file upload_17.txt (compact mmCIF, C-alpha atoms)
# COMPACT_ATOMS: atom_id res chain seq x y z
CA MET A 1 -12.67 22.79 -0.21
CA LYS A 2 -11.94 22.12 3.47
CA ARG A 3 -10.08 18.97 2.49
CA VAL A 4 -8.18 20.86 -0.22
CA LYS A 5 -7.09 23.49 2.31
CA LYS A 6 -6.18 20.83 4.85
CA TYR A 7 -4.07 18.79 2.44
CA PHE A 8 -2.91 21.65 0.21
CA PRO A 9 0.82 20.91 0.69
CA LEU A 10 0.23 17.32 -0.44
CA PHE A 11 -1.76 18.46 -3.47
CA LEU A 12 1.05 20.88 -4.29
CA MET A 13 3.59 18.04 -4.11
CA MET A 14 1.38 16.02 -6.46
CA VAL A 15 1.39 18.67 -9.22
CA PRO A 16 4.77 17.78 -10.88
CA GLY A 17 3.89 14.08 -10.97
CA PHE A 18 0.41 14.85 -12.30
CA ILE A 19 1.82 17.05 -15.09
CA TYR A 20 4.32 14.33 -16.02
CA LEU A 21 1.53 11.73 -16.08
CA LEU A 22 -0.68 13.99 -18.20
CA ILE A 23 2.01 14.72 -20.79
CA ASN A 24 3.47 11.23 -21.06
CA ASN A 25 0.46 8.97 -20.48
CA TYR A 26 -2.75 10.80 -21.35
CA LEU A 27 -2.03 13.31 -24.12
CA PRO A 28 -0.46 10.59 -26.36
CA MET A 29 -3.78 8.69 -26.18
CA PHE A 30 -5.11 11.01 -28.88
CA GLY A 31 -2.69 9.23 -31.19
CA LEU A 32 -4.77 6.06 -30.95
CA VAL A 33 -6.69 7.36 -33.93
CA ILE A 34 -3.67 6.38 -36.07
CA ALA A 35 -4.62 2.71 -35.57
CA PHE A 36 -7.78 3.33 -37.58
CA LYS A 37 -6.24 5.55 -40.26
CA ASP A 38 -4.53 4.91 -43.58
CA ILE A 39 -1.76 7.38 -42.90
CA ASP A 40 -0.72 9.70 -45.71
CA PHE A 41 2.05 12.00 -44.48
CA THR A 42 1.32 14.53 -47.20
CA LYS A 43 -2.16 15.03 -45.72
CA GLY A 44 -1.38 14.63 -42.04
CA ILE A 45 -2.96 12.35 -39.45
CA LEU A 46 -6.40 13.94 -39.18
CA ALA A 47 -6.84 14.44 -42.93
CA SER A 48 -5.79 10.89 -43.81
CA GLY A 49 -8.49 8.45 -44.83
CA TRP A 50 -10.09 5.99 -42.44
CA ALA A 51 -8.90 2.37 -42.69
CA GLY A 52 -11.38 0.78 -40.31
CA LEU A 53 -9.95 -2.44 -38.86
CA LYS A 54 -7.56 -3.10 -41.74
CA ASN A 55 -4.50 -2.45 -39.58
CA PHE A 56 -5.71 -4.97 -36.98
CA LYS A 57 -6.46 -7.57 -39.67
CA TYR A 58 -2.85 -7.45 -40.83
CA LEU A 59 -1.60 -8.20 -37.32
CA PHE A 60 -3.81 -11.28 -36.88
CA SER A 61 -3.88 -12.60 -40.43
CA THR A 62 -0.17 -13.38 -40.69
CA ALA A 63 1.20 -16.88 -40.26
CA ASP A 64 3.29 -15.68 -37.32
CA ALA A 65 0.33 -14.37 -35.28
CA PHE A 66 0.06 -17.50 -33.13
CA ILE A 67 3.83 -17.76 -32.59
CA ILE A 68 4.36 -14.17 -31.49
CA THR A 69 1.29 -14.24 -29.21
CA ARG A 70 2.36 -17.56 -27.66
CA ASN A 71 5.93 -16.38 -27.09
CA THR A 72 4.82 -13.07 -25.59
CA ILE A 73 2.44 -14.67 -23.10
CA LEU A 74 4.58 -17.64 -22.06
CA TYR A 75 7.78 -15.63 -21.64
CA ASN A 76 6.06 -13.00 -19.52
CA ILE A 77 4.35 -15.60 -17.33
CA THR A 78 7.76 -17.21 -16.79
CA PHE A 79 9.39 -13.86 -16.05
CA ILE A 80 6.67 -12.89 -13.55
CA THR A 81 6.79 -16.24 -11.74
CA LEU A 82 10.59 -16.32 -11.45
CA ASP A 83 10.74 -12.67 -10.43
CA LEU A 84 8.22 -13.17 -7.63
CA ILE A 85 9.78 -16.32 -6.17
CA VAL A 86 13.45 -15.38 -6.48
CA ALA A 87 13.03 -11.71 -5.49
CA VAL A 88 11.15 -12.55 -2.29
CA PHE A 89 13.70 -15.27 -1.44
CA LEU A 90 16.69 -12.94 -1.94
CA ALA A 91 15.00 -10.07 -0.09
CA ILE A 92 14.47 -12.31 2.95
CA LEU A 93 18.12 -13.43 2.81
CA LEU A 94 19.28 -9.81 2.65
CA HIS A 95 17.12 -8.96 5.62
CA GLU A 96 18.71 -11.74 7.66
CA ILE A 97 22.20 -10.27 7.11
CA MET A 98 21.11 -6.64 7.15
CA GLU A 99 23.38 -5.67 10.04
CA SER A 100 26.56 -6.93 8.36
CA TYR A 101 28.73 -4.94 5.97
CA SER A 102 28.35 -7.63 3.30
CA SER A 103 24.66 -6.72 2.96
CA LYS A 104 25.61 -3.44 1.21
CA VAL A 105 27.89 -5.32 -1.15
CA TYR A 106 25.17 -7.84 -2.04
CA GLN A 107 22.63 -5.07 -2.64
CA THR A 108 25.04 -3.33 -5.02
CA VAL A 109 25.86 -6.56 -6.86
CA LEU A 110 22.17 -7.41 -7.28
CA LEU A 111 21.15 -3.94 -8.47
CA LEU A 112 24.11 -3.33 -10.82
CA PRO A 113 22.80 -5.45 -13.76
CA TYR A 114 19.54 -3.48 -13.69
CA MET A 115 21.54 -0.33 -14.47
CA ILE A 116 23.33 -1.88 -17.45
CA SER A 117 22.01 -1.17 -20.95
CA THR A 118 20.38 -4.11 -22.69
CA VAL A 119 22.75 -3.58 -25.62
CA ILE A 120 25.70 -4.24 -23.31
CA VAL A 121 23.87 -7.22 -21.82
CA GLY A 122 23.47 -8.61 -25.34
CA TYR A 123 27.23 -8.46 -25.92
CA LEU A 124 27.94 -9.97 -22.49
CA VAL A 125 25.69 -12.90 -23.41
CA TYR A 126 27.44 -13.10 -26.77
CA ALA A 127 30.78 -13.34 -24.96
CA PHE A 128 29.45 -16.41 -23.16
CA LEU A 129 27.70 -18.05 -26.11
CA ASN A 130 29.91 -17.29 -29.10
CA VAL A 131 30.46 -20.56 -30.96
CA ARG A 132 34.27 -20.12 -31.30
CA THR A 133 35.42 -17.94 -28.41
CA GLY A 134 32.47 -18.04 -25.98
CA TYR A 135 33.13 -19.08 -22.40
CA VAL A 136 30.48 -21.82 -22.50
CA ASN A 137 31.92 -23.54 -25.57
CA THR A 138 35.61 -23.08 -24.70
CA LYS A 139 35.57 -23.65 -20.93
CA LEU A 140 32.36 -25.17 -19.60
CA GLY A 141 31.74 -27.47 -22.58
CA PRO A 142 35.08 -29.33 -22.38
CA LEU A 143 34.87 -29.40 -18.58
CA PHE A 144 31.54 -31.28 -18.62
CA GLY A 145 32.10 -33.11 -21.87
CA PHE A 146 29.55 -31.17 -23.95
CA PRO A 147 30.10 -30.57 -27.69
CA LYS A 148 30.29 -27.05 -29.08
CA ILE A 149 26.87 -25.55 -29.79
CA ASN A 150 26.09 -22.72 -32.19
CA TRP A 151 23.71 -21.02 -29.75
CA TYR A 152 22.61 -18.35 -32.22
CA MET A 153 21.50 -20.99 -34.73
CA GLU A 154 19.70 -23.37 -32.35
CA SER A 155 16.32 -21.97 -31.29
CA GLN A 156 15.42 -24.73 -28.79
CA TYR A 157 17.82 -23.39 -26.14
CA TRP A 158 16.49 -19.83 -25.98
CA PRO A 159 13.34 -20.49 -23.93
CA PHE A 160 15.83 -21.27 -21.14
CA ILE A 161 18.50 -18.68 -21.94
CA LEU A 162 16.19 -15.64 -22.06
CA PRO A 163 14.52 -16.24 -18.64
CA ILE A 164 17.96 -16.67 -17.04
CA VAL A 165 19.31 -13.48 -18.63
CA ASN A 166 16.14 -11.52 -17.78
CA LEU A 167 16.24 -12.76 -14.18
CA TRP A 168 19.89 -11.73 -13.79
CA LYS A 169 19.25 -8.29 -15.25
CA THR A 170 15.97 -7.30 -13.58
CA ILE A 171 15.88 -9.16 -10.27
CA GLY A 172 17.78 -6.47 -8.36
CA PHE A 173 15.01 -3.90 -8.70
CA SER A 174 12.32 -6.25 -7.37
CA VAL A 175 14.59 -7.39 -4.54
CA MET A 176 15.06 -3.78 -3.41
CA ILE A 177 11.29 -3.23 -3.36
CA TYR A 178 10.63 -6.33 -1.26
CA PHE A 179 13.66 -5.63 0.93
CA SER A 180 12.40 -2.11 1.66
CA ALA A 181 8.95 -3.53 2.46
CA ILE A 182 10.44 -6.06 4.90
CA ILE A 183 12.47 -3.35 6.64
CA GLY A 184 9.24 -1.38 7.15
CA LEU A 185 7.44 -4.25 8.87
CA ASP A 186 6.53 -3.92 12.54
CA ARG A 187 9.51 -5.27 14.53
CA SER A 188 7.32 -6.01 17.55
CA CYS A 189 5.81 -8.96 15.65
CA TYR A 190 9.23 -10.58 15.36
CA GLU A 191 10.12 -9.79 18.97
CA ALA A 192 6.91 -11.44 20.16
CA ALA A 193 7.62 -14.45 17.94
CA VAL A 194 11.13 -14.83 19.39
CA ILE A 195 9.72 -14.71 22.93
CA ASP A 196 7.26 -17.45 21.95
CA GLY A 197 10.13 -19.58 20.65
CA ALA A 198 9.43 -19.29 16.92
CA THR A 199 12.22 -20.40 14.60
CA LYS A 200 13.46 -18.32 11.65
CA TRP A 201 11.42 -20.40 9.22
CA GLN A 202 8.28 -19.95 11.35
CA GLN A 203 8.88 -16.18 11.49
CA ILE A 204 9.24 -16.05 7.70
CA ARG A 205 6.20 -18.25 7.09
CA HIS A 206 3.79 -16.69 9.58
CA ILE A 207 5.00 -13.05 9.73
CA THR A 208 7.15 -11.96 6.78
CA LEU A 209 5.25 -13.60 3.91
CA PRO A 210 1.72 -12.66 5.12
CA LEU A 211 2.77 -9.04 5.71
CA LEU A 212 4.47 -8.92 2.29
CA LYS A 213 1.32 -10.11 0.54
CA PRO A 214 -0.05 -6.62 -0.33
CA VAL A 215 3.25 -5.61 -1.97
CA MET A 216 3.45 -8.92 -3.83
CA ILE A 217 -0.10 -8.51 -5.13
CA LEU A 218 0.52 -4.91 -6.19
CA LEU A 219 3.62 -5.85 -8.21
CA LEU A 220 1.80 -8.86 -9.63
CA LEU A 221 -1.04 -6.64 -10.86
CA LEU A 222 1.37 -4.16 -12.44
CA GLN A 223 3.30 -6.95 -14.17
CA THR A 224 0.11 -8.71 -15.29
CA GLY A 225 -1.03 -5.53 -17.02
CA ARG A 226 2.08 -5.66 -19.20
CA ILE A 227 1.91 -9.36 -20.00
CA PHE A 228 1.29 -8.55 -23.68
CA TYR A 229 4.29 -6.26 -23.73
CA SER A 230 7.88 -7.43 -23.86
CA ASP A 231 11.26 -6.00 -23.04
CA PHE A 232 12.16 -5.09 -26.61
CA GLY A 233 15.89 -5.03 -25.95
CA MET A 234 15.80 -8.44 -24.28
CA PHE A 235 14.18 -10.10 -27.30
CA TYR A 236 15.95 -8.10 -30.00
CA GLN A 237 19.45 -7.31 -28.74
CA VAL A 238 20.23 -10.44 -26.70
CA PRO A 239 19.48 -12.94 -29.55
CA MET A 240 21.35 -10.55 -31.89
CA ASP A 241 18.29 -10.43 -34.19
CA SER A 242 19.18 -13.89 -35.50
CA GLY A 243 16.57 -15.05 -38.00
CA MET A 244 17.15 -18.68 -37.02
CA LEU A 245 15.79 -17.93 -33.53
CA TYR A 246 12.54 -16.21 -34.51
CA SER A 247 10.42 -19.24 -33.63
CA THR A 248 11.33 -18.91 -29.94
CA THR A 249 12.42 -15.26 -29.60
CA ASN A 250 9.97 -13.34 -31.80
CA VAL A 251 7.34 -11.50 -29.74
CA ILE A 252 4.73 -8.88 -30.60
CA ASP A 253 7.05 -5.92 -30.02
CA THR A 254 9.93 -7.26 -32.14
CA TYR A 255 7.54 -8.45 -34.86
CA VAL A 256 5.93 -5.01 -35.15
CA TYR A 257 9.34 -3.33 -35.17
CA ARG A 258 10.60 -5.53 -38.00
CA ALA A 259 7.36 -5.07 -39.93
CA LEU A 260 7.61 -1.31 -39.45
CA LEU A 261 11.17 -1.33 -40.81
CA ARG A 262 10.18 -3.37 -43.86
CA LEU A 263 6.80 -1.82 -44.65
CA GLY A 264 6.94 1.56 -42.93
CA ASP A 265 3.29 1.05 -41.89
CA VAL A 266 2.75 3.35 -38.90
CA GLY A 267 -0.94 2.44 -38.71
CA MET A 268 -0.22 -1.26 -38.22
CA ALA A 269 2.34 -0.50 -35.48
CA SER A 270 -0.18 1.75 -33.73
CA ALA A 271 -2.84 -0.97 -34.00
CA ALA A 272 -0.51 -3.44 -32.29
CA GLY A 273 0.14 -1.00 -29.45
CA PHE A 274 -3.59 -0.34 -29.09
CA TYR A 275 -4.28 -4.07 -28.99
CA GLN A 276 -1.62 -4.58 -26.30
CA SER A 277 -3.07 -1.77 -24.18
CA ILE A 278 -6.63 -3.09 -24.33
CA VAL A 279 -5.57 -6.63 -23.44
CA GLY A 280 -3.35 -5.31 -20.64
CA PHE A 281 -6.24 -3.32 -19.19
CA LEU A 282 -8.55 -6.35 -19.31
CA LEU A 283 -5.89 -8.51 -17.64
CA VAL A 284 -5.44 -6.03 -14.78
CA VAL A 285 -9.20 -5.81 -14.19
CA THR A 286 -9.60 -9.60 -14.37
CA THR A 287 -6.69 -10.25 -12.02
CA ASN A 288 -8.03 -7.68 -9.58
CA LEU A 289 -11.48 -9.31 -9.64
CA ILE A 290 -9.90 -12.68 -8.87
CA ILE A 291 -7.97 -11.13 -5.96
CA ARG A 292 -11.20 -9.56 -4.66
CA LYS A 293 -12.73 -13.02 -4.53
CA ILE A 294 -9.72 -14.61 -2.83
CA SER A 295 -8.53 -11.74 -0.64
CA PRO A 296 -10.84 -8.68 -0.74
CA GLU A 297 -8.62 -6.51 1.50
CA ASP A 298 -5.73 -6.70 -1.00
CA ALA A 299 -7.66 -5.65 -4.13
CA LEU A 300 -6.74 -2.28 -5.66
CA PHE A 301 -10.28 -1.28 -6.68
call {"tool": "encode", "arguments": {"input": "upload_17.txt", "output": "structure tokens"}}
result
Amino acid sequence: MKRVKKYFPLFLMMVPGFIYLLINNYLPMFGLVIAFKDIDFTKGILASGWAGLKNFKYLFSTADAFIITRNTILYNITFITLDLIVAVFLAILLHEIMESYSSKVYQTVLLLPYMISTVIVGYLVYAFLNVRTGYVNTKLGPLFGFPKINWYMESQYWPFILPIVNLWKTIGFSVMIYFSAIIGLDRSCYEAAVIDGATKWQQIRHITLPLLKPVMILLLLLQTGRIFYSDFGMFYQVPMDSGMLYSTTNVIDTYVYRALLRLGDVGMASAAGFYQSIVGFLLVVTTNLIIRKISPEDALF
């Protein structure tokens, strides 16, 4: 009670966030029962019969189970790796020009795509890749001597297109997080390094990157927990839901959405979400255990 009285203003500030977390993250967990039910809307959720693991069997017994699992994992690993490397690199560059006016312009340019709807991003990509009027086929292709390509019919190109589009759209947010973390670093470390004659590269290698490590690990853990989730808009809107691209663009989220549209099976969709949550939880715990072995001071729990 003494601690509660001492930190009462902080507890009071926590209440709105706690209520939001309770309503949006914990109360919906009661709906997990749908994954084990054979839903009959005339009876309601609780009165519907139990289906056991039938909904999970459907998800794993299809011919596409391996493809959607492979795509989901490999795309997210690629996204996480590119986001970490490029975001840290750009954040360091921004920090080096922080005093100039151009820094504000670069920050705005980097963050702007993050604010754009994925639907709009899909049409921007379409403007570049359209087989007849797209910029790539009409301008870049003739310039470099490449033939016209029907991008929305050729699946082999999309494992490269989607990471590029995702990086362009989402990198600004990560850059701002790392940039804010760099600004908050102790300036005396850099001043002492300059006095000792350290170059910019030595300052980055021995001061900036080591001090950024906790933030990098935190974001890595958060992203690892969602490795079985996908940006639905990125995989549905950007490829324009082209059936010819399913082999390289179909992930768990888009597969469940299409199955839900065709079959209207709410139980199967709930089972897929439950499966993703369990795997995500296990991945976070596993990653954290690995970090505890490598760097105990940076582990979350």
call {"tool": "residues_near_point", "arguments": {"input": "upload_17.txt", "point": "(8.0, -7.0, 6.2)", "cutoff": "6 Å", "atoms": "only C-alpha atoms", "output": "ChimeraX atom specification"}}
result
/A:181-185,208,211-212
call {"tool": "write_last_selection", "arguments": {"input": "upload_17.txt", "atoms": "C-alpha atoms", "output": "PDB file, in the coordinates of the input"}}
result
ATOM      1  CA  ALA A 181       8.950  -3.530   2.460  1.00  0.00           C
ATOM      2  CA  ILE A 182      10.440  -6.060   4.900  1.00  0.00           C
ATOM      3  CA  ILE A 183      12.470  -3.350   6.640  1.00  0.00           C
ATOM      4  CA  GLY A 184       9.240  -1.380   7.150  1.00  0.00           C
ATOM      5  CA  LEU A 185       7.440  -4.250   8.870  1.00  0.00           C
ATOM      6  CA  THR A 208       7.150 -11.960   6.780  1.00  0.00           C
ATOM      7  CA  LEU A 211       2.770  -9.040   5.710  1.00  0.00           C
ATOM      8  CA  LEU A 212       4.470  -8.920   2.290  1.00  0.00           C
TER       9      LEU A 212
END
call {"tool": "atom_distance", "arguments": {"input": "upload_17.txt", "atom1": "CA of Phe60 (chain A)", "atom2": "CA of Ser270 (chain A)"}}
result
13.9 Å
call {"tool": "atom_distance", "arguments": {"input": "upload_17.txt", "atom1": "CA of Ala198 (chain A)", "atom2": "CA of Leu219 (chain A)"}}
result
29.1 Å
call {"tool": "atom_distance", "arguments": {"input": "upload_17.txt", "atom1": "CA of Gln237 (chain A)", "atom2": "CA of Thr118 (chain A)"}}
result
6.9 Å
call {"tool": "closest_residue", "arguments": {"input": "upload_17.txt", "among": "A:Ala269, A:Leu245, A:Val105, A:Leu111", "to": "Ile67 (chain A)", "atoms": "all atoms listed in the file"}}
result
A:Leu245
call {"tool": "closest_residue", "arguments": {"input": "upload_17.txt", "among": "A:Phe146, A:Phe41, A:Tyr101, A:Phe36", "to": "Gly264 (chain A)", "atoms": "only C-alpha atoms"}}
result
A:Phe41
call {"tool": "residues_around", "arguments": {"input": "upload_17.txt", "residues": "Arg70 (chain A)", "least_positions_apart": "2", "cutoff": "12 Å", "atoms": "all atoms listed in the file", "output": "mmCIF file with C-alpha atoms, in the frame of the given file"}}
result
data_model
loop_
_atom_site.group_PDB
_atom_site.id
_atom_site.type_symbol
_atom_site.label_atom_id
_atom_site.label_comp_id
_atom_site.auth_asym_id
_atom_site.auth_seq_id
_atom_site.Cartn_x
_atom_site.Cartn_y
_atom_site.Cartn_z
ATOM 1 C CA ASP A 64 3.290 -15.680 -37.320
ATOM 2 C CA ALA A 65 0.330 -14.370 -35.280
ATOM 3 C CA PHE A 66 0.060 -17.500 -33.130
ATOM 4 C CA ILE A 67 3.830 -17.760 -32.590
ATOM 5 C CA ILE A 68 4.360 -14.170 -31.490
ATOM 6 C CA THR A 72 4.820 -13.070 -25.590
ATOM 7 C CA ILE A 73 2.440 -14.670 -23.100
ATOM 8 C CA LEU A 74 4.580 -17.640 -22.060
ATOM 9 C CA TYR A 75 7.780 -15.630 -21.640
ATOM 10 C CA ASN A 76 6.060 -13.000 -19.520
ATOM 11 C CA ILE A 77 4.350 -15.600 -17.330
ATOM 12 C CA PRO A 159 13.340 -20.490 -23.930
ATOM 13 C CA ILE A 227 1.910 -9.360 -20.000
ATOM 14 C CA PHE A 228 1.290 -8.550 -23.680
ATOM 15 C CA SER A 247 10.420 -19.240 -33.630
ATOM 16 C CA THR A 248 11.330 -18.910 -29.940
ATOM 17 C CA THR A 249 12.420 -15.260 -29.600
ATOM 18 C CA ASN A 250 9.970 -13.340 -31.800
ATOM 19 C CA VAL A 251 7.340 -11.500 -29.740
ATOM 20 C CA ILE A 252 4.730 -8.880 -30.600
#
call {"tool": "residues_around", "arguments": {"input": "upload_17.txt", "residues": "Thr224 (chain A)", "least_positions_apart": "2", "cutoff": "8 Å", "atoms": "all atoms listed in the file", "output": "ChimeraX atom specification"}}
result
/A:80,220-222,226-227,280,283-284,287
call {"tool": "residues_around", "arguments": {"input": "upload_17.txt", "residues": "region 152-156 of chain A", "least_positions_apart": "4", "cutoff": "9 Å", "atoms": "all atoms listed in the file", "output": "PyMOL selection string"}}
result
chain A and resi 126+129-131+160+239-240+242-249
call {"tool": "residues_near_point", "arguments": {"input": "upload_17.txt", "point": "(11.7, -8.7, -9.4)", "cutoff": "10 Å", "atoms": "only C-alpha atoms", "output": "CSV table (one decimal) with C-alpha atoms, keeping the file's coordinate frame"}}
result
chain,number,residue,atom,x,y,z
A,79,PHE,CA,9.4,-13.9,-16.0
A,80,ILE,CA,6.7,-12.9,-13.6
A,81,THR,CA,6.8,-16.2,-11.7
A,82,LEU,CA,10.6,-16.3,-11.4
A,83,ASP,CA,10.7,-12.7,-10.4
A,84,LEU,CA,8.2,-13.2,-7.6
A,85,ILE,CA,9.8,-16.3,-6.2
A,86,VAL,CA,13.4,-15.4,-6.5
A,87,ALA,CA,13.0,-11.7,-5.5
A,88,VAL,CA,11.2,-12.6,-2.3
A,90,LEU,CA,16.7,-12.9,-1.9
A,91,ALA,CA,15.0,-10.1,-0.1
A,166,ASN,CA,16.1,-11.5,-17.8
A,167,LEU,CA,16.2,-12.8,-14.2
A,168,TRP,CA,19.9,-11.7,-13.8
A,169,LYS,CA,19.2,-8.3,-15.2
A,170,THR,CA,16.0,-7.3,-13.6
A,171,ILE,CA,15.9,-9.2,-10.3
A,172,GLY,CA,17.8,-6.5,-8.4
A,173,PHE,CA,15.0,-3.9,-8.7
A,174,SER,CA,12.3,-6.2,-7.4
A,175,VAL,CA,14.6,-7.4,-4.5
A,176,MET,CA,15.1,-3.8,-3.4
A,177,ILE,CA,11.3,-3.2,-3.4
A,178,TYR,CA,10.6,-6.3,-1.3
A,216,MET,CA,3.4,-8.9,-3.8
A,219,LEU,CA,3.6,-5.8,-8.2
A,220,LEU,CA,1.8,-8.9,-9.6
A,223,GLN,CA,3.3,-7.0,-14.2
